[in-house]
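Below: the structure, in structure tokens.
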Amino acid sequence: MHPAPQPLPVEAGSSAYGRLMDFSRQDPHAFWRMQASRIHWQRAFDQVLDDGRAPFARWFAGGLTNLCYNAVDRHLPERGEQSALVCVSQETGQERVLSYRQLHREVSIMAAILRARGVQRGDRVLVYLPMMAEAAIAMLACARIGAVHSVVFGGFAPASLAARIADAAPALVVCADAGFQNGVAVRYKTWVDQAMDIAGCSCPVLVVDRGLLPWTAVPQRDHDYHALRTQYFDADVPCVWLESGEPSYLLYTSGTTGQPKGVQRDTGGHAVALATSMALLFQGQPGQTMFTTSDLGWVVGHSYGVYAPLLTGMCTVLYEGSPMRPDASAWWRLAEKYRVNLMLSSATAMRLLKRGGRRAFRMADLSALRCLFLAGEPLDEPTAAWLDDALGKPVIDHYWQTETGSPVIGLPLTDLDGRTPLRRQRGSPGLATAGYRLELRDEHSGASCAPGSKGLLMAAGVLPPGCLTTLWQRDEQFVRTYWSQLPEQAEPSSPSSPSGQWRYATFDLAVADVQGHLRVLGRADDVINVAGKRLGTREVEEILLADDAVAEVAVFGIPHPLRGQVPVAVVVPRPDTGYQRSLLEHRLGDAVVAAIGAWARPRRIVLAQALPRTRSGKVLRRDLRELVAREASGDVAAPELQELQQALAAAARLDLPEPA
């Protein structure tokens with residue numbers, strides 16, 4: 001017998017999946033009522049959506065549920081012995097595998113400890129842990145007893161940690177003795193002590209001692225987790241059933257400027273949204289394994305490192321360490337060992353791994369891997385093409401934000417039948433996902449943009465389930481920061497949403513084609529105004545990344561007395577290409593001229609060994625601009641950035657002839 005022929009790809013908008021997404025916008029109440037059946041409700045909800053206080057939205061109002069029950073307890077009868085959580089530390093060489101039954105026991109122990117230390121329903125628990133099992137266990141234990149976890153990335157220094165402690169006012173802090181940065185052990189417990197002094201906080205501290213570095217206990221405040229774990233090993237802690245709209249967690253995001261904002265997520269809408277995205281977008285199945293490379297301190301780690309895979313009955317893999325140690329194949333060997341089916345990472349990480357060449361991708365058996373999904377900074381076309389060839393697996397980019405909790409724009413690998421491929425366009429994540437009514441609007445006039453025209457990406461009406469419900473204790477700032485209203489007569493409300501005149505701002509620029517495929521161009525504040533012409537930094541970056549000698553690139557604008565701003569590019573070359581500096585600089589500049597025009601040619605192309613990044617790996621173009629400004633004012637950058645600062649200062653002073 002011959003195998004059945006592979007179906008031909010179909011246009012996503014006209015597929016069964018595309019029609020279902022259309023239905024989610026035309027009748028959101030019916031669509032989300034159907035999706036709500038993916039989780040357990042202890043008490044049925046009274047109303048699918050209460051948007052009487054728009055733009056605030058209450059999804060599944062009146063329903064009672066619990067995230068921990070849905071992620072752990074309900075799988076015990078059929079999946080008790082199945083692997084639920086795999087934790088691998090490249091830093092310590094330790095690996096730990098927990099079945100659903102073992103995970104249930106560990107979560108119950110942690111929940112009992114939290115309650116014994118005075119944590120109650122609605123209290124905040126700040127979690128400051130590296131990528132270890134106890135981080136996920138603490139999150140689930142909070143969910144079990146109705147506490148609100150606030151996970152802080154372990155790389156944040158005491159001042160940043162203190163700001164989050166002061167704002168969340170936690171009833172308890174969970175920390176480790178130490179974690180790792182660039183392979184070196186750092187004192188988490190000491191940083192917590194310093195942060196609590198800065199914040200003026202004196203709540204209990206639960207210390208997970210890894211035996212890495214010595215630490216000093218503060219009497220009457222600090223408690224050793226392992227000692228208490230033995231004491232409460234047989235504890236049985238029932239789930240606290242929460243109303244759907246009660247908060248499940250806070251996740252702080254600094255945004256572009258100012259005080260970190262506490263993004264507040266609900267319980268029922270969050271669970272339904274993640275379960276829906278796993279089924280329709282990632283197409284994960286119970287019993288499969290998902291490896292999400294993000295730290296749990298970021299939203300990707302929350303959503304798809306812990307909750308979404310467990311809600312689906314899958315196994316999730318957590319990893320502590322660098323993807324480049326001991327070499328660039330570390331992640332792929334892990335995917336081979338645990339037969340990973342779905343992987344979620346970032347375009348930034350893939351550009352880093354690109355430096356290791358194709359060989360690193362081919363050193364492991366990836367036959368179980370179905371698809372690599374990416375999130376974070378947009379996936380540029382050159383990197384997408386390189387990945388497709390090097391990995392030999394489908395690579396799918398998604399667009400979303402900390403605020404949304406799950407993808408806003410994206411496509412699954414196949415149609416709803418699980419066989420028919422959907423036609424994708426490189427450089428575009430695809431179409432709006434379930435419930436999002438996306439629009440592109442002119443930055444100045446607010447008018448709708450025609451296909452092919454750049455505009456601000458906005459969402460009409462209240463946000464779908466799973467998005468932020470507000471900013472922690474800052475309702476007014478939530479409305480002021482994200483929302484605007486269009487005149488009702490100019491933009492009549494949707495018949496399915498009485499709050500349709502509200503518009504949520506993503507602060508990103510995008511462009512759509514005639515079929516609705518959206519291409520995100522980057523933050524609106526990453527646009528350069530060159531002699532009255534608006535130039536998106538991503539447009540130039542994609543052109544430069546198409547050169548085989550380029551591993552990474554960041555483009556930003558610097559002031560110019562005649563043209564307002566001019567672009568400067570910082571390029572990280574691939575070390576194995578044997579490039580000549582002057583030839584590479586000219587070749588890259590010529591490529592921009594050929595693709596866009598002479599006016600867009602970077603004023604200077606600076607070659608560097610690395611780019612400054614956020615803790616989550618995103619390139620800090622703002623810091624590149626500040627390096628130039630600091631040099632002009634006489635301020636000296638940190639030692640590791642001084643060489644780059646000098647090169648950028650030279651670029652700012654360079655007197656090139658004006659392009660024709």
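Labels used: A, B, ... for chains in the order of the structure tokens, numbers from 1 for residues in each chain, and numbers from 1 for ligands as shown.
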A:Glu134 environment, 9 Å, only C-alpha atoms, sequence neighbours closer than 5 positions dropped, as a ChimeraX atom specification
/A:106-107,110,129,139,208
Stretch 314-537 of chain A: residues DSSP assigns to strand (DSSP E), reported as a PyMOL selection string | chain A and resi 315-320+342-346+371-375+395-397+409-410+422-423+431-432+438-441+455-460+470-471+483-485+502-512+518-523+527-530+533-536
Long-range neighbours of stretch 27-37 of chain A as a list of chain:residue names, 6 Å cut-off, only C-alpha atoms, 4 positions minimum in chain: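 Surrounding residues, per the criterion: A:Phe23, A:Val48, A:Val272.
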Of A:Val514, A:Ala595, A:Leu352, A:Met343, the one sitting nearest A:Val550 when using only C-alpha atoms is A:Leu352
Using DSSP assignments from the backbone, pull out every residue in stretch 116-171 of chain A that falls under helix (DSSP H, G or I) and give it to me as a ChimeraX atom specification. /A:116,133-145,158-168
Give one line per residue of stretch 164-282 of chain A that approaches stretch 391-408 of chain A to at most 9 Å, naming the two atoms of the closest pair and their distance in Å to one decimal, counting only C-alpha atoms; sort by chain then ascending residue number and deliver it as JSON lines.
```
{"residue": "A:Leu251", "atom": "CA", "partner": "A:Thr402", "partner_atom": "CA", "distance": 8.1}
{"residue": "A:Tyr252", "atom": "CA", "partner": "A:Thr402", "partner_atom": "CA", "distance": 8.9}
{"residue": "A:Thr253", "atom": "CA", "partner": "A:Thr402", "partner_atom": "CA", "distance": 7.4}
{"residue": "A:Val263", "atom": "CA", "partner": "A:Glu403", "partner_atom": "CA", "distance": 6.4}
{"residue": "A:Gln264", "atom": "CA", "partner": "A:Glu403", "partner_atom": "CA", "distance": 8.5}
{"residue": "A:Arg265", "atom": "CA", "partner": "A:Gly405", "partner_atom": "CA", "distance": 8.3}
{"residue": "A:His270", "atom": "CA", "partner": "A:Gly405", "partner_atom": "CA", "distance": 7.9}
{"residue": "A:Ala273", "atom": "CA", "partner": "A:Ser406", "partner_atom": "CA", "distance": 7.6}
{"residue": "A:Leu274", "atom": "CA", "partner": "A:Ser406", "partner_atom": "CA", "distance": 6.9}
{"residue": "A:Ser277", "atom": "CA", "partner": "A:Ser406", "partner_atom": "CA", "distance": 7.4}
{"residue": "A:Leu281", "atom": "CA", "partner": "A:Pro407", "partner_atom": "CA", "distance": 8.7}
```
Applying 10 Å and only C-alpha atoms, which residues near stretch 113-122 of chain A remain after dropping the ones on its own chain fewer than 6 positions away? List them as an MDAnalysis selection string.
chainID A and resid 107 138 141:149 170:174 203:206 223 225 228:229 231:233 235 237 240 242 246:249
File dump, residues just selected, C-alpha atoms, as a PDB file, in the first residue's frame:
```pdb
ATOM      1  CA  VAL A 107       2.362  21.021  45.233  1.00  0.00           C
ATOM      2  CA  ALA A 138       5.361  27.333  44.062  1.00  0.00           C
ATOM      3  CA  ALA A 141       0.704  25.841  45.144  1.00  0.00           C
ATOM      4  CA  CYS A 142      -0.336  29.494  45.112  1.00  0.00           C
ATOM      5  CA  ALA A 143      -3.038  28.703  42.571  1.00  0.00           C
ATOM      6  CA  ARG A 144      -4.205  25.803  44.741  1.00  0.00           C
ATOM      7  CA  ILE A 145      -4.888  27.933  47.818  1.00  0.00           C
ATOM      8  CA  GLY A 146      -6.101  31.037  45.970  1.00  0.00           C
ATOM      9  CA  ALA A 147      -2.953  33.088  46.564  1.00  0.00           C
ATOM     10  CA  VAL A 148      -1.646  35.409  43.832  1.00  0.00           C
ATOM     11  CA  HIS A 149       1.886  34.597  42.720  1.00  0.00           C
ATOM     12  CA  PRO A 170       3.705  40.043  49.445  1.00  0.00           C
ATOM     13  CA  ALA A 171       2.661  37.966  52.427  1.00  0.00           C
ATOM     14  CA  LEU A 172       5.653  35.696  51.785  1.00  0.00           C
ATOM     15  CA  VAL A 173       8.740  35.500  49.550  1.00  0.00           C
ATOM     16  CA  VAL A 174      10.109  32.231  48.133  1.00  0.00           C
ATOM     17  CA  CYS A 203       7.293  39.220  55.566  1.00  0.00           C
ATOM     18  CA  PRO A 204       8.379  35.563  55.967  1.00  0.00           C
ATOM     19  CA  VAL A 205      11.000  34.232  53.524  1.00  0.00           C
ATOM     20  CA  LEU A 206      11.006  30.579  52.455  1.00  0.00           C
ATOM     21  CA  HIS A 223      12.446  29.353  56.992  1.00  0.00           C
ATOM     22  CA  TYR A 225      12.043  24.809  52.745  1.00  0.00           C
ATOM     23  CA  LEU A 228       9.422  22.126  56.363  1.00  0.00           C
ATOM     24  CA  ARG A 229       8.953  19.784  53.388  1.00  0.00           C
ATOM     25  CA  GLN A 231       7.275  18.151  58.272  1.00  0.00           C
ATOM     26  CA  TYR A 232       4.392  18.540  55.807  1.00  0.00           C
ATOM     27  CA  PHE A 233       5.176  15.615  53.500  1.00  0.00           C
ATOM     28  CA  ALA A 235      -0.287  17.113  53.977  1.00  0.00           C
ATOM     29  CA  VAL A 237      -4.563  20.639  50.986  1.00  0.00           C
ATOM     30  CA  VAL A 240      -9.840  26.741  46.909  1.00  0.00           C
ATOM     31  CA  LEU A 242     -12.173  30.905  42.932  1.00  0.00           C
ATOM     32  CA  GLU A 246     -10.302  36.646  40.832  1.00  0.00           C
ATOM     33  CA  PRO A 247      -6.619  37.303  40.116  1.00  0.00           C
ATOM     34  CA  SER A 248      -4.308  34.351  39.537  1.00  0.00           C
ATOM     35  CA  TYR A 249      -1.013  36.192  39.237  1.00  0.00           C
TER      36      TYR A 249
END
```
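Take the candidates A:His104, A:Ala450, A:Arg339, A:Leu463 and check each one against A:Asp50 using only C-alpha atoms; the shortest distance goes to A:Leu463.
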message = So that I can see what lies close to A:Ala169, please list as number ranges by chain the residues with an atom at most 8 Å from it, counting only C-alpha atoms and leaving out residues fewer than 4 positions away in the same chain.
response = A: 124, 165, 201
How would the residues just picked look written out with N, CA and C atoms as a PDB file, in the first residue's frame?
```pdb
ATOM      1  N   ARG A 124      -0.503  37.960  48.137  1.00  0.00           N
ATOM      2  CA  ARG A 124       0.522  37.823  47.122  1.00  0.00           C
ATOM      3  C   ARG A 124       1.718  37.049  47.675  1.00  0.00           C
ATOM      4  N   ILE A 165       8.655  44.147  45.130  1.00  0.00           N
ATOM      5  CA  ILE A 165       8.208  43.791  46.482  1.00  0.00           C
ATOM      6  C   ILE A 165       7.352  44.908  47.071  1.00  0.00           C
ATOM      7  N   CYS A 201      10.187  45.766  53.803  1.00  0.00           N
ATOM      8  CA  CYS A 201       9.285  44.612  53.931  1.00  0.00           C
ATOM      9  C   CYS A 201       9.862  43.631  54.948  1.00  0.00           C
TER      10      CYS A 201
END
```
_Can you tell me which residues surround A:Gly430 at a distance of at most 7 Å, considering only C-alpha atoms, apart from same-chain residues fewer than 2 positions away, and format the answer as an MDAnalysis selection string?_
chainID A and resid 409:411 424 428 517:518
Grab the residues selected above and save them as a short mmCIF file (atom, residue, chain, number, x, y, z; two decimals), in the first residue's frame with C-alpha atoms.
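What landed in selection.cif:
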```
data_model
loop_
_atom_site.label_atom_id
_atom_site.label_comp_id
_atom_site.auth_asym_id
_atom_site.auth_seq_id
_atom_site.Cartn_x
_atom_site.Cartn_y
_atom_site.Cartn_z
CA ILE A 409 -1.37 36.91 15.72
CA GLY A 410 -0.43 33.43 14.56
CA LEU A 411 -1.29 30.30 12.65
CA ARG A 424 2.14 30.84 5.61
CA SER A 428 4.28 37.44 8.89
CA HIS A 517 -1.79 38.48 6.90
CA LEU A 518 -0.17 40.87 9.37
#
```
**Study point:** Contacts of A:Glu11 within 7 Å, only C-alpha atoms, excl. fewer than 2 positions in-chain, as a PyMOL selection string
**Key:** chain A and resi 9+13-15+422-423
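The shortest atom-to-atom distance to A:Asp177, with only C-alpha atoms taken into account, belongs to A:Leu213 out of A:Met278, A:Leu213, A:Leu627, A:Ala505.
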| message | Which residue is closest to A:Ala594? Choose from A:Leu387, A:Ile543, A:Ala16, A:Leu161 and count only C-alpha atoms. | response |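 Ranked by minimum distance to A:Ala594, first place goes to A:Ile543.
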